[in-house]
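Here is the file coords12.txt (compact mmCIF, C-alpha atoms and all ligand atoms).
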```txt
# COMPACT_ATOMS: atom_id res chain seq x y z
CA MET A 12 0.00 0.00 0.00
CA ASN A 13 1.49 3.39 -0.89
CA ASN A 14 1.68 6.16 1.71
CA LEU A 15 -1.00 8.36 0.15
CA HIS A 16 -3.49 5.49 0.10
CA SER A 17 -2.86 4.51 3.73
CA THR A 18 -3.28 8.16 4.88
CA GLN A 19 -6.59 8.40 3.03
CA ILE A 20 -7.87 5.26 4.78
CA LEU A 21 -6.73 6.61 8.16
CA GLN A 22 -8.48 9.96 7.55
CA LYS A 23 -11.68 8.22 6.50
CA SER A 24 -11.85 6.07 9.62
CA LYS A 25 -11.08 8.92 12.04
CA VAL A 26 -14.27 10.28 13.63
CA GLU A 27 -14.25 13.00 16.27
CA LYS A 28 -15.86 12.09 19.60
CA LEU A 29 -19.27 13.74 19.99
CA LYS A 30 -19.53 16.69 22.33
CA ILE A 31 -22.57 15.69 24.36
CA ASN A 32 -23.30 15.93 28.07
CA CYS A 33 -23.63 12.70 30.02
CA THR A 34 -23.94 13.87 33.64
CA LYS A 35 -27.13 14.24 35.61
CA THR A 36 -28.64 17.69 35.90
CA CYS A 37 -31.33 16.97 38.52
CA ASN A 38 -31.05 17.25 42.30
CA CYS A 39 -31.86 13.60 43.05
CA LYS A 40 -29.52 11.71 45.38
CA THR A 41 -26.56 10.10 43.58
CA ASN A 42 -27.38 6.63 44.90
CA HIS A 43 -30.81 6.77 43.21
CA ILE A 44 -31.05 5.00 39.84
CA ASN A 45 -33.66 7.46 38.51
CA CYS A 46 -35.78 10.51 39.34
CA LEU A 47 -38.92 8.49 40.24
CA SER A 48 -40.87 8.86 43.46
CA PRO A 49 -41.66 5.64 45.41
CA LYS A 50 -45.24 5.76 44.05
CA GLU A 51 -44.03 5.94 40.42
CA TRP A 52 -41.40 3.24 41.09
CA VAL A 53 -44.07 0.74 42.21
CA LYS A 54 -45.80 0.98 38.79
CA GLY A 55 -42.61 -0.32 37.11
CA GLN A 56 -42.45 -3.45 39.25
CA VAL A 57 -45.04 -5.45 37.36
CA ALA A 58 -43.14 -7.63 34.87
CA VAL A 59 -45.82 -7.48 32.17
CA TRP A 60 -45.99 -4.15 30.37
CA GLU A 61 -48.67 -2.76 28.06
CA PHE A 62 -48.31 0.28 25.82
CA TYR A 63 -50.71 2.44 23.85
CA TYR A 64 -49.90 4.53 20.80
CA THR A 65 -49.88 8.31 21.13
CA LYS A 66 -50.07 11.10 18.56
CA GLU A 67 -46.27 11.15 18.40
CA ASP A 68 -46.16 7.58 17.02
CA LEU A 69 -45.88 7.36 13.22
CA ARG A 70 -47.60 3.96 12.70
CA ASP A 71 -47.01 3.90 8.93
CA LYS A 72 -45.29 0.76 7.64
CA ASN A 73 -44.45 2.60 4.41
CA ILE A 74 -42.17 4.89 6.45
CA HIS A 75 -40.62 2.06 8.50
CA PRO A 76 -41.83 -1.55 8.88
CA ALA A 77 -41.15 -1.98 12.61
CA MET A 78 -41.26 1.06 14.88
CA TYR A 79 -41.90 0.65 18.59
CA PRO A 80 -44.37 2.89 20.46
CA ILE A 81 -42.72 5.92 22.08
CA ALA A 82 -44.17 4.78 25.42
CA LEU A 83 -41.70 1.85 25.47
CA PRO A 84 -38.40 3.78 25.43
CA SER A 85 -40.03 6.49 27.59
CA LYS A 86 -40.73 3.97 30.37
CA CYS A 87 -37.17 2.58 30.23
CA ILE A 88 -35.60 6.05 30.20
CA GLU A 89 -37.62 7.01 33.29
CA LEU A 90 -36.64 3.78 35.05
CA PHE A 91 -32.92 3.75 34.28
CA THR A 92 -31.73 7.36 33.96
CA HIS A 93 -31.75 10.78 35.56
CA LYS A 94 -32.36 14.03 33.68
CA GLY A 95 -29.31 15.04 31.68
CA GLU A 96 -27.80 11.54 31.43
CA LEU A 97 -26.89 9.93 28.09
CA VAL A 98 -29.04 7.37 26.27
CA LEU A 99 -27.83 5.33 23.26
CA ASP A 100 -29.91 3.52 20.64
CA PRO A 101 -27.67 1.47 18.30
CA PHE A 102 -30.57 0.65 15.90
CA VAL A 103 -32.55 3.87 16.10
CA GLY A 104 -34.68 3.61 12.92
CA THR A 105 -36.99 6.64 12.81
CA GLY A 106 -35.67 8.08 16.08
CA THR A 107 -38.45 7.03 18.49
CA THR A 108 -35.91 6.64 21.33
CA LEU A 109 -34.44 10.07 20.61
CA LEU A 110 -37.86 11.69 20.72
CA ALA A 111 -38.62 10.00 24.06
CA ALA A 112 -35.26 11.25 25.39
CA LYS A 113 -36.03 14.78 24.23
CA ASN A 114 -39.46 14.77 25.92
CA LEU A 115 -37.80 13.62 29.16
CA SER A 116 -34.75 15.98 29.09
CA ARG A 117 -32.15 13.29 28.47
CA ASN A 118 -29.24 13.54 26.05
CA ALA A 119 -29.25 10.82 23.41
CA VAL A 120 -27.47 9.44 20.36
CA GLY A 121 -28.93 7.00 17.85
CA PHE A 122 -27.41 5.09 14.92
CA ASP A 123 -28.98 3.57 11.83
CA LEU A 124 -27.53 2.25 8.58
CA LYS A 125 -30.28 3.71 6.47
CA LYS A 126 -30.10 7.37 5.51
CA GLU A 127 -33.88 7.65 4.89
CA TYR A 128 -34.67 6.59 8.49
CA ILE A 129 -32.16 9.06 9.90
CA GLU A 130 -33.84 11.81 7.86
CA VAL A 131 -37.22 10.85 9.38
CA ALA A 132 -35.63 10.94 12.85
CA LYS A 133 -34.26 14.46 12.24
CA LYS A 134 -37.65 15.64 11.05
CA ARG A 135 -39.44 14.17 14.07
CA LEU A 136 -36.99 15.85 16.44
CA LYS A 137 -37.44 19.21 14.73
CA GLN A 138 -41.19 19.03 15.29
CA THR A 139 -40.79 19.53 19.03
CA SER A 140 -39.10 22.52 20.58
CA LEU A 141 -39.08 21.02 24.09
CA ASN A 142 -36.01 20.80 26.29
CA LYS A 143 -33.45 22.76 24.34
CA GLU A 144 -30.87 22.25 27.10
CA THR A 145 -30.35 18.61 26.03
CA ARG A 146 -29.19 17.20 22.65
CA GLN A 147 -30.46 14.24 20.64
CA ILE A 148 -28.29 13.23 17.70
CA PRO A 149 -29.28 10.78 14.92
CA ILE A 150 -26.25 9.41 13.02
CA CYS A 151 -26.18 7.40 9.82
CA ASP A 152 -23.55 4.72 10.44
CA ASP A 153 -23.07 1.03 11.21
CA ALA A 154 -23.64 0.28 14.91
CA LYS A 155 -20.22 -1.42 14.86
CA ASN A 156 -18.63 2.03 14.63
CA ILE A 157 -20.28 3.44 17.79
CA PRO A 158 -17.03 3.30 19.87
CA GLN A 159 -15.53 5.88 17.51
CA TYR A 160 -18.15 8.47 18.57
CA LEU A 161 -18.57 8.09 22.33
CA GLU A 162 -16.35 8.33 25.41
CA PRO A 163 -15.76 5.36 27.78
CA GLU A 164 -18.25 5.13 30.67
CA SER A 165 -20.50 7.86 29.29
CA ILE A 166 -23.75 5.96 28.59
CA LYS A 167 -26.30 5.38 31.36
CA LEU A 168 -28.86 3.52 29.25
CA CYS A 169 -28.58 1.68 25.95
CA ILE A 170 -32.05 0.86 24.66
CA THR A 171 -33.10 -0.52 21.31
CA SER A 172 -35.18 -2.83 19.23
CA PRO A 173 -32.77 -4.49 16.78
CA PRO A 174 -33.91 -6.31 13.64
CA TYR A 175 -35.32 -9.68 14.72
CA ALA A 176 -32.69 -11.47 12.58
CA ASN A 177 -34.15 -11.97 9.08
CA MET A 178 -37.78 -12.16 10.22
CA LEU A 179 -38.94 -9.46 7.79
CA ASN A 180 -36.91 -10.80 4.87
CA LYS A 181 -39.70 -12.90 3.43
CA PRO A 182 -43.08 -12.16 1.86
CA ARG A 183 -45.56 -11.12 4.54
CA LEU A 184 -48.42 -13.63 4.74
CA ASN A 185 -50.39 -11.92 7.56
CA LYS A 186 -51.13 -15.44 8.86
CA SER A 187 -52.25 -14.28 12.29
CA MET A 188 -54.96 -12.07 10.82
CA ARG A 189 -58.53 -13.04 10.09
CA ALA A 190 -58.73 -14.52 6.54
CA ASP A 191 -60.88 -11.66 5.21
CA LEU A 192 -58.35 -9.06 6.47
CA ARG A 193 -55.15 -10.78 5.29
CA GLU A 194 -54.90 -9.38 1.80
CA ASN A 195 -54.20 -5.81 2.89
CA GLU A 196 -51.68 -3.43 1.24
CA HIS A 197 -48.74 -5.22 2.95
CA PHE A 198 -49.76 -8.77 1.92
CA MET A 199 -46.91 -10.70 0.19
CA LYS A 200 -44.56 -7.69 0.41
CA VAL A 201 -41.00 -8.14 1.70
CA GLN A 202 -40.61 -5.45 4.36
CA GLN A 203 -36.87 -5.66 5.01
CA TYR A 204 -34.94 -2.55 6.02
CA SER A 205 -32.23 -2.86 3.32
CA ASN A 206 -30.05 -5.25 1.32
CA ASP A 207 -26.91 -3.93 2.98
CA LYS A 208 -24.75 -6.88 4.11
CA ARG A 209 -24.13 -5.09 7.44
CA ASP A 210 -27.90 -4.90 8.11
CA LEU A 211 -28.74 -7.41 10.90
CA GLY A 212 -32.13 -7.83 9.25
CA THR A 213 -30.49 -9.74 6.38
CA MET A 214 -28.85 -12.33 8.67
CA GLU A 215 -29.79 -15.88 9.67
CA VAL A 216 -29.97 -16.34 13.44
CA PRO A 217 -26.39 -17.69 14.05
CA GLN A 218 -24.79 -14.81 12.10
CA PHE A 219 -27.24 -12.36 13.75
CA SER A 220 -26.18 -13.54 17.23
CA GLU A 221 -22.51 -13.05 16.32
CA ALA A 222 -23.22 -9.54 15.00
CA ILE A 223 -25.11 -8.63 18.21
CA GLU A 224 -22.17 -9.90 20.28
CA ASP A 225 -19.70 -7.92 18.20
CA ILE A 226 -21.69 -4.65 18.40
CA TYR A 227 -22.32 -4.92 22.16
CA ARG A 228 -18.65 -5.81 22.78
CA GLY A 229 -17.92 -2.36 21.35
CA ILE A 230 -20.63 -0.71 23.48
CA PHE A 231 -19.65 -2.41 26.79
CA PRO A 232 -16.70 -0.09 27.67
CA LEU A 233 -18.86 2.97 26.84
CA MET A 234 -21.44 2.06 29.50
CA LYS A 235 -21.31 3.43 33.03
CA PRO A 236 -20.98 0.69 35.68
CA ARG A 237 -24.52 -0.43 36.62
CA GLY A 238 -25.78 1.23 33.43
CA HIS A 239 -28.65 -0.72 31.89
CA CYS A 240 -28.91 -2.19 28.41
CA VAL A 241 -32.46 -2.95 27.24
CA ILE A 242 -33.23 -5.02 24.13
CA ASN A 243 -36.75 -5.47 22.78
CA LEU A 244 -37.19 -8.44 20.44
CA ASN A 245 -39.24 -11.47 19.52
CA ASP A 246 -38.60 -15.11 18.66
CA LEU A 247 -38.86 -16.38 15.10
CA TRP A 248 -40.90 -19.14 13.50
CA LEU A 249 -39.12 -20.91 10.65
CA GLU A 250 -40.57 -23.92 8.87
CA ASN A 251 -42.91 -24.70 11.77
CA LYS A 252 -40.12 -24.45 14.37
CA ARG A 253 -39.72 -21.85 17.09
CA ILE A 254 -36.28 -20.22 17.01
CA PRO A 255 -35.72 -18.75 20.50
CA THR A 256 -33.83 -15.64 19.38
CA HIS A 257 -34.17 -14.09 22.83
CA ILE A 258 -32.11 -16.95 24.32
CA PHE A 259 -29.34 -16.51 21.73
CA VAL A 260 -29.26 -12.77 22.49
CA ILE A 261 -29.05 -13.40 26.26
CA GLN A 262 -26.13 -15.79 25.67
CA ALA A 263 -24.37 -13.28 23.37
CA MET A 264 -24.79 -10.46 25.93
CA GLU A 265 -23.46 -12.66 28.74
CA ARG A 266 -20.39 -13.57 26.66
CA VAL A 267 -19.71 -9.83 26.36
CA GLY A 268 -19.92 -9.35 30.15
CA PHE A 269 -23.45 -7.95 30.64
CA GLU A 270 -25.64 -9.53 33.34
CA LEU A 271 -29.30 -10.30 32.76
CA ARG A 272 -31.43 -8.43 35.34
CA ASN A 273 -35.04 -8.67 34.15
CA ILE A 274 -37.16 -10.38 31.52
CA ILE A 275 -40.23 -8.28 30.89
CA ILE A 276 -43.10 -9.38 28.71
CA TRP A 277 -44.58 -6.70 26.47
CA ASP A 278 -48.23 -7.75 26.36
CA LYS A 279 -49.37 -6.57 22.91
CA HIS A 280 -52.82 -8.05 22.80
CA ASN A 281 -54.38 -4.59 23.16
CA LEU A 282 -52.71 -3.65 19.84
CA VAL A 283 -53.77 -6.75 17.88
CA ASN A 284 -56.91 -6.43 15.77
CA GLY A 285 -58.83 -9.03 13.79
CA VAL A 286 -56.99 -12.15 15.00
CA GLY A 287 -57.71 -15.23 12.87
CA ILE A 288 -57.99 -18.89 13.88
CA PHE A 289 -54.55 -20.45 13.88
CA GLY A 290 -53.52 -24.12 14.09
CA TRP A 291 -56.95 -25.49 15.11
CA PRO A 292 -57.65 -28.36 15.72
CA SER A 293 -54.24 -30.09 15.80
CA ASN A 294 -51.42 -27.60 16.23
CA TYR A 295 -51.43 -25.28 19.27
CA ILE A 296 -49.24 -22.23 18.72
CA THR A 297 -49.77 -18.94 20.52
CA LEU A 298 -49.71 -15.91 18.27
CA GLY A 299 -46.27 -14.32 18.12
CA THR A 300 -47.92 -10.96 17.52
CA THR A 301 -49.46 -10.92 21.01
CA PHE A 302 -46.25 -10.49 23.03
CA GLU A 303 -42.56 -9.58 22.76
CA TYR A 304 -39.58 -9.73 25.09
CA ILE A 305 -37.97 -6.76 26.78
CA LEU A 306 -34.60 -8.02 28.03
CA ASP A 307 -32.89 -5.88 30.64
CA PHE A 308 -29.14 -6.28 31.32
CA TRP A 309 -26.63 -4.21 33.22
CA LYS A 310 -22.90 -3.74 33.20
CA PRO A 311 -21.82 -5.08 36.58
CA THR A 312 -19.38 -3.17 38.74
CA THR A 313 -15.93 -4.74 38.81
CA ASN A 314 -15.51 -4.85 42.62
C1 LIG A 401 -36.58 -2.67 14.56
S1 LIG A 401 -35.83 -1.36 13.67
C2 LIG A 401 -35.74 -0.06 14.88
C3 LIG A 401 -36.97 0.82 14.84
C4 LIG A 401 -36.97 1.94 15.86
N1 LIG A 401 -37.11 1.44 17.22
C5 LIG A 401 -38.12 2.91 15.57
O1 LIG A 401 -39.04 3.03 16.41
O2 LIG A 401 -38.12 3.54 14.50
C6 LIG A 401 -34.17 -1.87 13.50
C7 LIG A 401 -33.28 -0.90 12.71
O3 LIG A 401 -31.92 -1.39 12.70
C8 LIG A 401 -31.29 -0.85 11.54
N2 LIG A 401 -30.04 -1.61 11.33
C9 LIG A 401 -29.86 -2.87 10.92
N3 LIG A 401 -28.56 -3.21 10.94
C10 LIG A 401 -27.86 -2.14 11.40
C11 LIG A 401 -26.50 -1.89 11.68
N4 LIG A 401 -25.54 -2.81 11.44
N5 LIG A 401 -26.15 -0.67 12.18
C12 LIG A 401 -27.09 0.28 12.41
N6 LIG A 401 -28.42 0.10 12.16
C13 LIG A 401 -28.80 -1.10 11.66
C14 LIG A 401 -32.36 -1.00 10.46
O4 LIG A 401 -32.13 -0.11 9.39
C15 LIG A 401 -33.65 -0.70 11.24
O5 LIG A 401 -34.08 0.63 11.05
```
Translate this file's structure into structure tokens.
Amino acid sequence: MNNLHSTQILQKSKVEKLKINCTKTCNCKTNHINCLSPKEWVKGQVAVWEFYYTKEDLRDKNIHPAMYPIALPSKCIELFTHKGELVLDPFVGTGTTLLAAKNLSRNAVGFDLKKEYIEVAKKRLKQTSLNKETRQIPICDDAKNIPQYLEPESIKLCITSPPYANMLNKPRLNKSMRADLRENEHFMKVQQYSNDKRDLGTMEVPQFSEAIEDIYRGIFPLMKPRGHCVINLNDLWLENKRIPTHIFVIQAMERVGFELRNIIIWDKHNLVNGVGIFGWPSNYITLGTTFEYILDFWKPTTN
């Protein structure tokens, strides 16, 4: 390699660390995990969570095929951070986590491979003028590059919903819907995020688990000790077999050094309309659309 070429590669890979605050700005005691009162804390102790959409949710699969409701990251941000602290979303999509952080006066950074989603995130953030004293930054880059942007021990909460391996990479059959509702505008469409080889949504489960491990190995040193890492995802069904993706993700996170703290069930049955009969009379399978996992890990302290 000649000298000019190697300098160009070096320049391309050099990213300046972001200038973003990561320290708490509230007056809560430093041994408190969050700003919640005991009464608010009690509400978070039930391990089954339900969410409702609000007017800030986009709910348009033509914009993005798999957005979570803003109430989900909002609840986690309130549970695991103080005002002013730094939140990271490695797979930020349309910026739902960033919007939740803005509403709650937390600093936040989010990454996504796809430029179009980052543009949507920027637009959503511009629509609210709340909490100008904090910053929320959407960045178009591979989640593998996150360590180039952030300082060690700066993140208090990492929360995301990654692609559920290659679950969306096949024609959508709407099998869980009532037969007369199945052939809607999304029927038989492939709703994948992209064809980019780095996109975790293009990967079979073993490769997906390795990619998750690799990305979170990079994030681990950036987390504050006892900082939480929340991952929302679902299992897959492939050729009539359940693939327990959530177990593979727990194993990958434990290999990195995170400890599993809570498994929360997101009860989605309030969001499911027009459910069809499924498997009767010989094959009992609960509908995957009625719940998802919210896995909560933390970075343990070393002593
Ligand atoms: C389930 S979606 C997240 C949606 C987001 N929670 C929202 O509400 O809009 C997962 C996202 O991961 C992105 N993605 C996949 N592989 C990635 C990678 N290697 N680095 C960064 N983003 C990636 C996809 O483009 C997709 O937008």
Around ligand LIG 401 (chain A), which protein and nucleic acid residues have at least one atom no more than 7 Å from it, if we count all atoms listed in the file? List them as a PyMOL selection string. chain A and resi 75+77-80+101-108+122-125+128+152-155+171-174+204-205+209-212
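Interatomic distance, atom CA of Lys72 of chain A to atom CA of Tyr304 of chain A: 21.1 Å.
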Hey, can you check how far atom CA of Ser116 of chain A sits from atom CA of Arg146 of chain A? 8.6 Å
Nearest residue to Leu168 of chain A out of A:Lys310, A:Lys66, A:Lys133, A:Lys25, using only C-alpha atoms? A:Lys310
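Closest approach to Ile81 of chain A among A:Ile129, A:Ala58, A:Val120, A:Ala112 is made by A:Ala112 (distances from all atoms listed in the file).
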Mind giving me the straight-line distance from atom CA of Thr139 of chain A to atom CA of Asn118 of chain A in Å, one decimal? 14.8 Å
For segment 28-40 of chain A, please output as a ChimeraX atom specification all residues within 6 Å (counting all atoms listed in the file; exclusion window: fewer than 6 positions along the same chain). /A:93-97,160-161,165
Residue with smallest distance to Asn273 of chain A - pool A:Leu298, A:Ile44, A:Val241, A:Val131, counting only C-alpha atoms: A:Val241
With only C-alpha atoms as the atoms that count, which of A:Glu144, A:Glu130, A:Glu27, A:Asp207 lies nearest to Lys113 of chain A? A:Glu144
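The nearest approach to Asp68 of chain A among the residues A:Phe269, A:Ile148, A:Ile258, A:Ala132, with all atoms listed in the file taken into account, belongs to A:Ala132.
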Among the residues A:Pro76, A:Pro255, A:Pro149, A:Pro163, the one that comes closest to Leu110 of chain A [using only C-alpha atoms]: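 Of all the options, A:Pro149 lies closest to Leu110 of chain A.
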Find the residues near Trp309 of chain A: any atom within 12 Å, counting all atoms listed in the file, skip ones fewer than 5 places away on the same chain, and give them as a PyMOL selection string. chain A and resi 91+166-170+227+230-231+234-242+261+264-265+267-273
